[in-house]
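As structure tokens, the structure follows; a few thoughts come after it.
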Amino acid sequence: MGVFTFENETTTPIAPTRMFKAMAVETDKLSAKVAPQIIKSTEIIEGDGGAGTIKKITFQEGPKEGYMKHRIDSIDEANLTYNYSVIEGDFMNDKIEKISHENKIVASPDGGSILKLKTTIYTVDGADVSEDVLKGGQAKGEGMFKAIEAYLLTNPNECN
């Protein structure tokens with residue numbers, strides 16, 4: 001098995017607890033609102049929303065048609081951490097076993113927050129992941145983060 005890891009930090013003017021609530025607690029509800037051109041639906045297949053829960057995200061039809069399933073590995077509101085693994089999806093092909101995401105939100109000096117993200121891609125034996133795939137996945141994650149941020153900035157009563 002190959003293991004490829006990258007880390008990234010993104011800042012936002014949104015307070016840490018509000019951003020955590022949007023990204024970890026209410027993400028199912030917000031995803032289709034903030035990215036309706038991409039996300040068709042999110043449903044819980046197994047679990048109660050806590051660790052061990054498996055969710056299926058269905059993408060809109062067209063060039064991005066498909067789905068993915070992810071499992072919540074841990075969620076900690078007190079420490080603002082949310083970890084999950086993408087365990088299935090039509091985009092994973094025969095090279096990727098799973099993709100794990102470790103998210104931590106911390107306060108920034110200006111009153112906003114910083115999202116610290118560590119992504120680890122586990123590949124099947126002998127498979128390689130190109131730099132383009134890594135950058136593409138990172139860009140999609142940042143795009144969703146910025147869409148949530150924009151939604152929260154224009155809807156100040158959400159996720160309080």
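We name chains A, B, ... following the order of the structure tokens; residues begin at 1 in each chain, and ligands are numbered from 1 as shown.
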Q | Near-A:Thr11 list (10 Å; only C-alpha atoms; drop same-chain fewer than 2 positions) as a list in words | A | Glu9, Pro13, Ile14, Ile105, Val106, Ala107, Ser108, Gly112, Ser113, Ile114, Leu115, Lys116, Phe145, Lys146 and Glu149 of chain A
Could you turn the residues from that selection into a file that holds N, CA and C atoms, as a PDB file, in the first residue's frame?
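selection-v8.pdb, written as the output of this step:
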```
ATOM      1  N   GLU A   9      -3.435  24.817   5.233  1.00  0.00           N
ATOM      2  CA  GLU A   9      -4.126  25.700   6.169  1.00  0.00           C
ATOM      3  C   GLU A   9      -4.885  26.749   5.367  1.00  0.00           C
ATOM      4  N   PRO A  13     -12.640  34.668   8.156  1.00  0.00           N
ATOM      5  CA  PRO A  13     -13.058  35.594   9.207  1.00  0.00           C
ATOM      6  C   PRO A  13     -14.144  35.011  10.124  1.00  0.00           C
ATOM      7  N   ILE A  14     -14.645  33.812   9.817  1.00  0.00           N
ATOM      8  CA  ILE A  14     -15.694  33.169  10.615  1.00  0.00           C
ATOM      9  C   ILE A  14     -15.092  32.638  11.923  1.00  0.00           C
ATOM     10  N   ILE A 105      -9.934  23.113  13.626  1.00  0.00           N
ATOM     11  CA  ILE A 105     -10.178  24.547  13.481  1.00  0.00           C
ATOM     12  C   ILE A 105      -9.660  25.225  14.740  1.00  0.00           C
ATOM     13  N   VAL A 106      -8.821  26.238  14.537  1.00  0.00           N
ATOM     14  CA  VAL A 106      -8.250  26.989  15.655  1.00  0.00           C
ATOM     15  C   VAL A 106      -8.542  28.467  15.458  1.00  0.00           C
ATOM     16  N   ALA A 107      -8.504  29.196  16.565  1.00  0.00           N
ATOM     17  CA  ALA A 107      -8.727  30.645  16.500  1.00  0.00           C
ATOM     18  C   ALA A 107      -7.534  31.320  15.844  1.00  0.00           C
ATOM     19  N   SER A 108      -7.830  32.317  15.027  1.00  0.00           N
ATOM     20  CA  SER A 108      -6.754  33.127  14.447  1.00  0.00           C
ATOM     21  C   SER A 108      -6.647  34.413  15.266  1.00  0.00           C
ATOM     22  N   GLY A 112     -11.018  35.473  13.607  1.00  0.00           N
ATOM     23  CA  GLY A 112     -11.549  34.455  12.711  1.00  0.00           C
ATOM     24  C   GLY A 112     -10.995  33.094  13.098  1.00  0.00           C
ATOM     25  N   SER A 113     -10.790  32.256  12.103  1.00  0.00           N
ATOM     26  CA  SER A 113     -10.261  30.933  12.395  1.00  0.00           C
ATOM     27  C   SER A 113      -9.373  30.429  11.269  1.00  0.00           C
ATOM     28  N   ILE A 114      -8.647  29.376  11.594  1.00  0.00           N
ATOM     29  CA  ILE A 114      -7.758  28.711  10.649  1.00  0.00           C
ATOM     30  C   ILE A 114      -8.170  27.241  10.603  1.00  0.00           C
ATOM     31  N   LEU A 115      -8.414  26.738   9.406  1.00  0.00           N
ATOM     32  CA  LEU A 115      -8.679  25.316   9.214  1.00  0.00           C
ATOM     33  C   LEU A 115      -7.360  24.657   8.889  1.00  0.00           C
ATOM     34  N   LYS A 116      -6.963  23.709   9.737  1.00  0.00           N
ATOM     35  CA  LYS A 116      -5.760  22.917   9.494  1.00  0.00           C
ATOM     36  C   LYS A 116      -6.222  21.562   8.998  1.00  0.00           C
ATOM     37  N   PHE A 145     -14.864  24.722   1.188  1.00  0.00           N
ATOM     38  CA  PHE A 145     -14.614  25.568   2.359  1.00  0.00           C
ATOM     39  C   PHE A 145     -15.009  27.015   2.054  1.00  0.00           C
ATOM     40  N   LYS A 146     -14.588  27.525   0.911  1.00  0.00           N
ATOM     41  CA  LYS A 146     -14.894  28.909   0.540  1.00  0.00           C
ATOM     42  C   LYS A 146     -16.391  29.104   0.270  1.00  0.00           C
ATOM     43  N   GLU A 149     -17.909  29.319   3.695  1.00  0.00           N
ATOM     44  CA  GLU A 149     -17.551  30.619   4.242  1.00  0.00           C
ATOM     45  C   GLU A 149     -18.428  31.731   3.648  1.00  0.00           C
TER      46      GLU A 149
END
```
Q | Which of stretch 24-55 of chain A fall in alpha helix (DSSP H), as a ChimeraX atom specification | A | /A:27-34
Q: From the DSSP assignment of the backbone, select every residue of chain A that is strand (DSSP E or B), and format the answer as a PyMOL selection string.
A: chain A and resi 2-12+39-46+54-59+66-76+81-89+96-107+113-123
**Q.** Residue among A:Thr42, A:Thr17, A:Thr5, A:Gln60 lying closest to A:Lys29, counting only C-alpha atoms
**A.**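 Closest to A:Lys29 of all the choices is A:Thr42.
Take the candidates A:Asn93, A:Thr27, A:Asn155, A:Asn160 and check each one against A:Glu43 using only C-alpha atoms; the shortest distance goes to A:Thr27.
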Q) So what do you get for atom CA of A:Ile96 versus atom CA of A:Gly66, distance-wise? A)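 Separation of atom CA of A:Ile96 and atom CA of A:Gly66: 16.1 Å.
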Q.
If we count only C-alpha atoms and set the cut-off at 12 Å, which residues sit around A:Ala147, ignoring sequence neighbours fewer than 6 positions away in its own chain? Please answer as number ranges by chain.
A. A: 12, 19, 22-23, 27, 30-38, 140-141, 153-154
Q: Find the residue from A:Asn8, A:Asn157, A:Ser85, A:Gln138 that sits nearest to A:Glu97; use only C-alpha atoms when measuring.
A: A:Ser85
Q | Gap from atom CA of A:Asp76 to atom CA of A:Ile121 - Å, one decimal | A | 22.5 Å
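Taking only C-alpha atoms into account, A:Glu142 lies nearest to A:Leu117 out of the set A:Lys40, A:Leu117, A:His70, A:Gly126.
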